[in-house]
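Contents: one structure, followed by commentary.
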Amino acid sequence: MIEVYNTQTHAKEDFHAAKLGEIGMYVCGPTVYNYIHIGNARTFICFDTIRRYLQWRGFKVKFVQNITDVDDKIINRANEEGRSAAEVAREYTEAFIADMHAMGVLDPDVRPKATEEIPEMIDLVQRLVETGHAYEAQGDVYFSVRSFPEYGALSHRDIDELESGHRDLRAGDADLEGRKRDPLDFAVWKAAKPGEPAWESPWGMGRPGWHIECSAMSRKYLGLPFDIHGGGADLIFPHHENECAQAQAAWDQGFANYWLHSGMLQINSEKMSKSLGNFLLLRDVLKTAKPEVLRMLMLQTHYRSPLDFSEERLDEASAALDRIVNLVRRLRWAIENAQDIPSPLQTKPLMKLTKGTRNDFIFAMDDDFNSAGALGCVFNLVGELNSQLGDKTVSISDVPTLRASYAVIVELMSVFGIMVDEDDESVDYPQEVVALSRELTGYKGGSPRQAVDMLLGCREDARKEKNYELADQVRDGLAELGFTIEDTAQGARVSYQKK
Ligand code: AMP
Ligand code: ZN
C-alpha cells in the first residue's frame with residue numbers, strides 16, 4: 001500500500017486512486033517569463049520521480065501540467081524588451097520544454113496554456129458570480145473569501161488572521177485595493193489595461209487572475225475530484241488555497257484528494273534570490289553538471305524536505321553515481337568473462353539480497369516516496385557486490401545471479417530516470433520517442449527504451465494485422481528520430497544514430 005503525506009490533513013494517508021488503476025495528477029507549471037531556475041527544476045524532478053514510480057508500480061497516470069503564459073511578469077518583460085507578451089511566453093515555453101527534456105523529465109500527457117483556455121476560465125468566473133462567491137468591480141472580478149467558510153483549510157490558516165496575498169496587486173495600482181470589498185478577496189478576472197493582452201468577457205475586455213487557470217484546467221482534463229495535486233511548498237498559500245476555494249465554491253464537490261508539496265531548494269543554506277546573487281538557472285548548472293548527477297543529488301533528499309544545493313553536494317552526487325556506474329560496468333565484465341571454474345562467490349545470499357533489494361526499494365518508495373531510503377537499498381546491493389566481486393573472475397554458474405543483480409540495479413535506477421548502463425546505447429535515446437510511442441501505441445510514459453520496445457511490438461502487431469499504414473508510421477516516426485529498423489530472423493532490431 002502506498003502512503004502519501006497530504007498537506008491538507010498534515011498526515012500520511014493510504015493512497016487510493018479515485019478511478020480504479022488510473023491516477024489523475026496535476027502539477028502547476030512555470031510562469032514563462034525567464035529560463036527556469038534550479039529550484040523550479042527540483043519541484044519538476046520530484047514530481048517526475050513520483051509519476052515514474054507510480055507508473056512503474058502499474059498505475060496508468062494522466063499527468064497534466066499547465067503553462068502560465070499570461071501574467072504580470074511576462075507583460076513587464078515584454079514591455080522592457082519592446083516585444084509582445086506572446087513572443088516572450090513562446091520563447092520561454094520552448095526553453096522550458098527543452099530544459100525538461102535535457103533533464104529527462106517525461107512530457108506531461110496534456111500541457112495546456114492559459115491563453116488557450118480562456119473560455120473555460122470565463123465559465124468558471126461566471127459560475128462564481130452567479131453563486132454569490134465572486135463580484136464585479138470596475139471590470140475586475142474578485143473572489144469573496146468570506147463567502148466560502150472552508151477558506152484556509154488547505155494551508156491551515158485562520159481567515160481572521162490572514163493578511164491579503166499580494167500577488168494580485170499590480171505594482172503601483174493602489175486603487176485596486178479600493179475595489180475589493182474585503183482585503184482578503186483576490187482577483188479571478190482583471191480588467192484590461194492599455195497594451196496588455198486581453199480577451200472579451202461578460203465584464204469587458206480583460207484577462208484571468210493567476211489562480212483561476214489551474215482550477216479550470218485540472219477539472220477539464222482530469223475531472224473532479226482528481227487524485228494528486230502537486231507543486232512547490234511556496235504555492236500552498238495563496239495559490240493552492242485559492243485554486244481549491246474557487247473550484248469547490250463553483251462546483252460544490254471535492255477538488256484534489258491528495259495535496260503534495262516539494263520543499264524549497266536553497267543554495268549553500270541560503271534562500272535563492274536575485275538580490276543575494278545566488279540565483280542559478282538550470283541551463284547554467286547543466287553546462288558543468290550531468291543531468292543524471294543533478295537527479296542523483298535531488299534523490300538523496302526526501303522530496304518534502306528543504307534541499308541544500310552546493311558544489312560539494314554535486315561532487316558527492318557525482319561520486320555516488322560513479323560507484324553505481326562502475327559496479328554495473330564491473331558486473332558486465334564479470335558476466336562476459338565468466339570461466340568454467342568453481343564459484344568464488346556466495347551466490348545464494350547474493351540472490352537473496354538481489355530479490356530483497358527490489359522489495360526494500362518498493363517499501364521505501366511506498367512510504368511517501370522516500371527516494372533517499374530507496375537509493376540506500378540500491379547502494380546496499382552495490383556495496384555487497386563490490387566486496388564479493390573484488391577483482392575476481394567468476395564462474396559460469398554465478399552468471400544467473402549476477403545477471404539478476406545487474407537487471408535489478410539498472411531497472412531500479414531507471415525508475416529514478418537515471419540510466420546507469422553506459423554501454424547501453426539506449427542511454428542516448430531521445431525523449432521524443434516517449435511521445436511518439438504515446439501517439440502511436442497509446443502507451444503512456446516509461447523510459448525511452450521501453451517506448452522503443454512498445455513501438456517495435458506495435459509495428460509487429462500492425463504487420464500481422466496487415467495494417468501497413470500504422471507499421472509504416474512507426475518506422476517513419478522512428479526514422480525521423482534517428483532509429484533504423486532492421487528485420488532479422490529473430491525479429492526487428494533497432495539501431496540508433498544521434499541526430
Ligand atoms: P513559478 O514559475 O514561480 O510558478 O514556479 C514553478 C514551480 O517551481 C512551482 O511549483 C514552485 O513552487 C516551484 N519553485 C519555485 N521556487 C522554488 C525553489 N526554490 N525550490 C523548489 N521549488 C521551487
Ligand atoms: Zn496552479
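We name chains A, B, ... following the order of the C-alpha cells; residues begin at 1 in each chain, and ligands are numbered from 1 as shown.
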
**OP:** Compile the contact shell of region 371-379 of chain A as a list in words: residues with an atom at most 7 Å away, counting only C-alpha atoms, same-chain residues fewer than 5 positions apart removed.
**Re:**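 Those residues are Leu299, Gln300, Thr301, His302, Thr357, Asp360, Phe361, Ala364, Met365 and Ile409 of chain A.
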
Can I get the selected residues back with N, CA, C and O atoms, as a PDB file, in the first residue's frame?
ATOM      1  N   LEU A 299      17.593  13.210  -5.492  1.00  0.00           N
ATOM      2  CA  LEU A 299      17.005  11.996  -4.918  1.00  0.00           C
ATOM      3  C   LEU A 299      17.518  11.717  -3.515  1.00  0.00           C
ATOM      4  O   LEU A 299      16.878  11.019  -2.737  1.00  0.00           O
ATOM      5  N   GLN A 300      18.696  12.250  -3.199  1.00  0.00           N
ATOM      6  CA  GLN A 300      19.298  11.971  -1.894  1.00  0.00           C
ATOM      7  C   GLN A 300      18.585  12.698  -0.758  1.00  0.00           C
ATOM      8  O   GLN A 300      18.886  12.468   0.402  1.00  0.00           O
ATOM      9  N   THR A 301      17.684  13.587  -1.091  1.00  0.00           N
ATOM     10  CA  THR A 301      16.905  14.298  -0.064  1.00  0.00           C
ATOM     11  C   THR A 301      15.431  13.985  -0.284  1.00  0.00           C
ATOM     12  O   THR A 301      14.980  13.935  -1.424  1.00  0.00           O
ATOM     13  N   HIS A 302      14.694  13.763   0.798  1.00  0.00           N
ATOM     14  CA  HIS A 302      13.257  13.491   0.650  1.00  0.00           C
ATOM     15  C   HIS A 302      12.568  14.682  -0.025  1.00  0.00           C
ATOM     16  O   HIS A 302      12.926  15.828   0.246  1.00  0.00           O
ATOM     17  N   THR A 357      16.338  -6.509  -2.467  1.00  0.00           N
ATOM     18  CA  THR A 357      16.573  -5.102  -2.807  1.00  0.00           C
ATOM     19  C   THR A 357      15.350  -4.500  -3.492  1.00  0.00           C
ATOM     20  O   THR A 357      14.929  -3.383  -3.205  1.00  0.00           O
ATOM     21  N   ASP A 360      12.700  -4.026  -0.871  1.00  0.00           N
ATOM     22  CA  ASP A 360      13.032  -2.925   0.052  1.00  0.00           C
ATOM     23  C   ASP A 360      12.880  -1.566  -0.635  1.00  0.00           C
ATOM     24  O   ASP A 360      12.468  -0.583  -0.021  1.00  0.00           O
ATOM     25  N   PHE A 361      13.244  -1.541  -1.900  1.00  0.00           N
ATOM     26  CA  PHE A 361      13.097  -0.316  -2.697  1.00  0.00           C
ATOM     27  C   PHE A 361      11.615   0.083  -2.735  1.00  0.00           C
ATOM     28  O   PHE A 361      11.259   1.246  -2.486  1.00  0.00           O
ATOM     29  N   ALA A 364      10.424   1.373   0.611  1.00  0.00           N
ATOM     30  CA  ALA A 364      10.852   2.763   0.874  1.00  0.00           C
ATOM     31  C   ALA A 364      10.027   3.746   0.038  1.00  0.00           C
ATOM     32  O   ALA A 364       9.527   4.749   0.557  1.00  0.00           O
ATOM     33  N   MET A 365       9.863   3.457  -1.228  1.00  0.00           N
ATOM     34  CA  MET A 365       9.150   4.404  -2.097  1.00  0.00           C
ATOM     35  C   MET A 365       7.651   4.448  -1.768  1.00  0.00           C
ATOM     36  O   MET A 365       7.020   5.490  -1.923  1.00  0.00           O
ATOM     37  N   ILE A 409      19.581  -3.514 -10.546  1.00  0.00           N
ATOM     38  CA  ILE A 409      20.187  -2.177 -10.368  1.00  0.00           C
ATOM     39  C   ILE A 409      19.800  -1.259 -11.530  1.00  0.00           C
ATOM     40  O   ILE A 409      19.375  -0.114 -11.319  1.00  0.00           O
TER      41      ILE A 409
END

Can you write out as JSON lines which residues of chain A fall within 10 Å of ligand 1, alongside each residue's closest atom pair and its distance in Å to one decimal, counting only C-alpha atoms and all ligand atoms and ordering rows by chain and ascending residue number?
{"residue": "A:Val27", "atom": "CA", "partner": "ligand 1", "partner_atom_place_in_ligand_line": "10 (O)", "distance": 7.1}
{"residue": "A:Cys28", "atom": "CA", "partner": "ligand 1", "partner_atom_place_in_ligand_line": "10 (O)", "distance": 5.5}
{"residue": "A:Gly29", "atom": "CA", "partner": "ligand 1", "partner_atom_place_in_ligand_line": "6 (C)", "distance": 5.5}
{"residue": "A:Pro30", "atom": "CA", "partner": "ligand 1", "partner_atom_place_in_ligand_line": "2 (O)", "distance": 3.5}
{"residue": "A:Thr31", "atom": "CA", "partner": "ligand 1", "partner_atom_place_in_ligand_line": "2 (O)", "distance": 4.0}
{"residue": "A:Val32", "atom": "CA", "partner": "ligand 1", "partner_atom_place_in_ligand_line": "2 (O)", "distance": 6.7}
{"residue": "A:Tyr33", "atom": "CA", "partner": "ligand 1", "partner_atom_place_in_ligand_line": "2 (O)", "distance": 8.3}
{"residue": "A:Asn34", "atom": "CA", "partner": "ligand 1", "partner_atom_place_in_ligand_line": "2 (O)", "distance": 8.7}
{"residue": "A:Tyr35", "atom": "CA", "partner": "ligand 1", "partner_atom_place_in_ligand_line": "2 (O)", "distance": 9.4}
{"residue": "A:Ile36", "atom": "CA", "partner": "ligand 1", "partner_atom_place_in_ligand_line": "2 (O)", "distance": 7.3}
{"residue": "A:His37", "atom": "CA", "partner": "ligand 1", "partner_atom_place_in_ligand_line": "16 (N)", "distance": 7.6}
{"residue": "A:Ile38", "atom": "CA", "partner": "ligand 1", "partner_atom_place_in_ligand_line": "18 (C)", "distance": 7.2}
{"residue": "A:Gly39", "atom": "CA", "partner": "ligand 1", "partner_atom_place_in_ligand_line": "18 (C)", "distance": 3.5}
{"residue": "A:Asn40", "atom": "CA", "partner": "ligand 1", "partner_atom_place_in_ligand_line": "8 (O)", "distance": 3.5}
{"residue": "A:Ala41", "atom": "CA", "partner": "ligand 1", "partner_atom_place_in_ligand_line": "8 (O)", "distance": 6.8}
{"residue": "A:Arg42", "atom": "CA", "partner": "ligand 1", "partner_atom_place_in_ligand_line": "21 (C)", "distance": 5.3}
{"residue": "A:Thr43", "atom": "CA", "partner": "ligand 1", "partner_atom_place_in_ligand_line": "22 (N)", "distance": 4.6}
{"residue": "A:Phe44", "atom": "CA", "partner": "ligand 1", "partner_atom_place_in_ligand_line": "8 (O)", "distance": 7.1}
{"residue": "A:Ile45", "atom": "CA", "partner": "ligand 1", "partner_atom_place_in_ligand_line": "22 (N)", "distance": 9.7}
{"residue": "A:Cys46", "atom": "CA", "partner": "ligand 1", "partner_atom_place_in_ligand_line": "21 (C)", "distance": 9.4}
{"residue": "A:Phe47", "atom": "CA", "partner": "ligand 1", "partner_atom_place_in_ligand_line": "10 (O)", "distance": 9.7}
{"residue": "A:Ile67", "atom": "CA", "partner": "ligand 1", "partner_atom_place_in_ligand_line": "2 (O)", "distance": 8.8}
{"residue": "A:Thr68", "atom": "CA", "partner": "ligand 1", "partner_atom_place_in_ligand_line": "4 (O)", "distance": 7.8}
{"residue": "A:Trp210", "atom": "CA", "partner": "ligand 1", "partner_atom_place_in_ligand_line": "4 (O)", "distance": 9.7}
{"residue": "A:Gly230", "atom": "CA", "partner": "ligand 1", "partner_atom_place_in_ligand_line": "10 (O)", "distance": 7.4}
{"residue": "A:Gly231", "atom": "CA", "partner": "ligand 1", "partner_atom_place_in_ligand_line": "10 (O)", "distance": 3.8}
{"residue": "A:Gly232", "atom": "CA", "partner": "ligand 1", "partner_atom_place_in_ligand_line": "12 (O)", "distance": 3.0}
{"residue": "A:Ala233", "atom": "CA", "partner": "ligand 1", "partner_atom_place_in_ligand_line": "12 (O)", "distance": 5.7}
{"residue": "A:Asp234", "atom": "CA", "partner": "ligand 1", "partner_atom_place_in_ligand_line": "12 (O)", "distance": 5.1}
{"residue": "A:Leu235", "atom": "CA", "partner": "ligand 1", "partner_atom_place_in_ligand_line": "12 (O)", "distance": 5.1}
{"residue": "A:Ile236", "atom": "CA", "partner": "ligand 1", "partner_atom_place_in_ligand_line": "12 (O)", "distance": 8.3}
{"residue": "A:His239", "atom": "CA", "partner": "ligand 1", "partner_atom_place_in_ligand_line": "4 (O)", "distance": 9.3}
{"residue": "A:His261", "atom": "CA", "partner": "ligand 1", "partner_atom_place_in_ligand_line": "12 (O)", "distance": 8.0}
{"residue": "A:Ser262", "atom": "CA", "partner": "ligand 1", "partner_atom_place_in_ligand_line": "21 (C)", "distance": 6.5}
{"residue": "A:Gly263", "atom": "CA", "partner": "ligand 1", "partner_atom_place_in_ligand_line": "21 (C)", "distance": 5.8}
{"residue": "A:Met264", "atom": "CA", "partner": "ligand 1", "partner_atom_place_in_ligand_line": "20 (N)", "distance": 3.4}
{"residue": "A:Leu265", "atom": "CA", "partner": "ligand 1", "partner_atom_place_in_ligand_line": "20 (N)", "distance": 3.8}
{"residue": "A:Gln266", "atom": "CA", "partner": "ligand 1", "partner_atom_place_in_ligand_line": "19 (N)", "distance": 6.0}
{"residue": "A:Ile267", "atom": "CA", "partner": "ligand 1", "partner_atom_place_in_ligand_line": "19 (N)", "distance": 8.7}
{"residue": "A:Lys271", "atom": "CA", "partner": "ligand 1", "partner_atom_place_in_ligand_line": "19 (N)", "distance": 7.2}
{"residue": "A:Met272", "atom": "CA", "partner": "ligand 1", "partner_atom_place_in_ligand_line": "19 (N)", "distance": 6.1}
{"residue": "A:Ser273", "atom": "CA", "partner": "ligand 1", "partner_atom_place_in_ligand_line": "19 (N)", "distance": 8.4}
{"residue": "A:Phe279", "atom": "CA", "partner": "ligand 1", "partner_atom_place_in_ligand_line": "19 (N)", "distance": 9.3}
{"residue": "A:Leu280", "atom": "CA", "partner": "ligand 1", "partner_atom_place_in_ligand_line": "19 (N)", "distance": 9.9}
{"residue": "A:Tyr303", "atom": "CA", "partner": "ligand 1", "partner_atom_place_in_ligand_line": "21 (C)", "distance": 9.6}
{"residue": "A:Arg304", "atom": "CA", "partner": "ligand 1", "partner_atom_place_in_ligand_line": "21 (C)", "distance": 9.8}
{"residue": "A:Pro306", "atom": "CA", "partner": "ligand 1", "partner_atom_place_in_ligand_line": "20 (N)", "distance": 7.8}
{"residue": "A:Leu307", "atom": "CA", "partner": "ligand 1", "partner_atom_place_in_ligand_line": "20 (N)", "distance": 7.8}
{"residue": "A:Asp308", "atom": "CA", "partner": "ligand 1", "partner_atom_place_in_ligand_line": "20 (N)", "distance": 9.7}

**OP:** Just the residues within 7 Å of region 222-225 of chain A, please, counting only C-alpha atoms, with nothing from its chain fewer than 5 positions along; format it as a VMD selection string.
**Re:** chain A and resid 24 254 to 257

Which polymer residues have any atom within 6 Å of an atom of region 288-296 of chain A, counting only C-alpha atoms, with same-chain residues fewer than 4 positions away left out, as a tab-separated table (two decimals) with C-alpha atoms, in the first residue's frame?
chain	number	residue	atom	x	y	z
A	103	MET	CA	16.80	16.61	-17.51
A	317	ALA	CA	26.31	13.01	-6.00
A	318	SER	CA	28.72	12.53	-8.88
A	418	ILE	CA	18.83	7.52	-14.34

Subject >> DSSP alpha helix (DSSP H) residues within region 283-499 of chain A, as a PyMOL selection string >> reply: chain A and resi 283-288+291-299+311-336+347-366+371-389+399-415+432-441+448-464+468-480

Subject >> Point-to-point distance from CA of Ser305 (chain A) to CA of Ser269 (chain A), Å rounded to tenths >> reply: 12.7 Å

**OP:** With a distance cut-off of 7 Å and only C-alpha atoms, select the neighbouring residues of Asp367 (chain A), excluding the residue or stretch itself and same-chain residues fewer than 5 positions from it, and output the selection as a PyMOL selection string.
**Re:** chain A and resi 2-4

**OP:** Kindly indicate which residue among A:Cys214, A:Ala338, A:Ile228, A:Ala198 lies nearest to ligand 2, using only C-alpha atoms and all ligand atoms for the distances.
**Re:**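 Between A:Cys214, A:Ala338, A:Ile228, A:Ala198, the residue approaching ligand 2 most closely is A:Cys214.
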
**OP:** Between A:Arg403, A:His16, A:Thr49, A:Ala320, single out the one closest to Gly104 (chain A), counting only C-alpha atoms.
**Re:**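 Distance minimum relative to Gly104 (chain A) lands on A:Thr49.
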
**OP:** Return the single residue from A:His133, A:Arg323, A:Arg127, A:Lys113 that is closest to ligand 2, with distances computed using only C-alpha atoms and all ligand atoms.
**Re:** A:Lys113

Original post:
Can you list, as an MDAnalysis selection string, every protein, DNA or RNA residue that comes within 10 Å of Arg181 (chain A) when you count only C-alpha atoms, leaving out same-chain residues fewer than 5 positions away?
Top reply: chainID A and resid 135 137 142:145

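One finds CA of Ile50 (chain A) at 22.5 Å from CA of Lys355 (chain A).
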
Original post:
If you run DSSP on this backbone, which residues of region 59-211 of chain A come out as strand (DSSP E or B), and could you give them as number ranges by chain?
Top reply: A: 60-64, 67-68, 110, 113, 134-137, 140-143, 186-191, 199, 206-208

**OP:** Using CA of Arg77 (chain A) and CA of Asp123 (chain A) as the two end points, give the distance in Å to one decimal.
**Re:**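 Taking CA of Arg77 (chain A) as the start and CA of Asp123 (chain A) as the end point, the length is 29.2 Å.
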
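Using only C-alpha atoms, the nearest neighbour of Asp160 (chain A) within the list A:Leu184, A:Ile122, A:Val141, A:Ala404 is A:Leu184.
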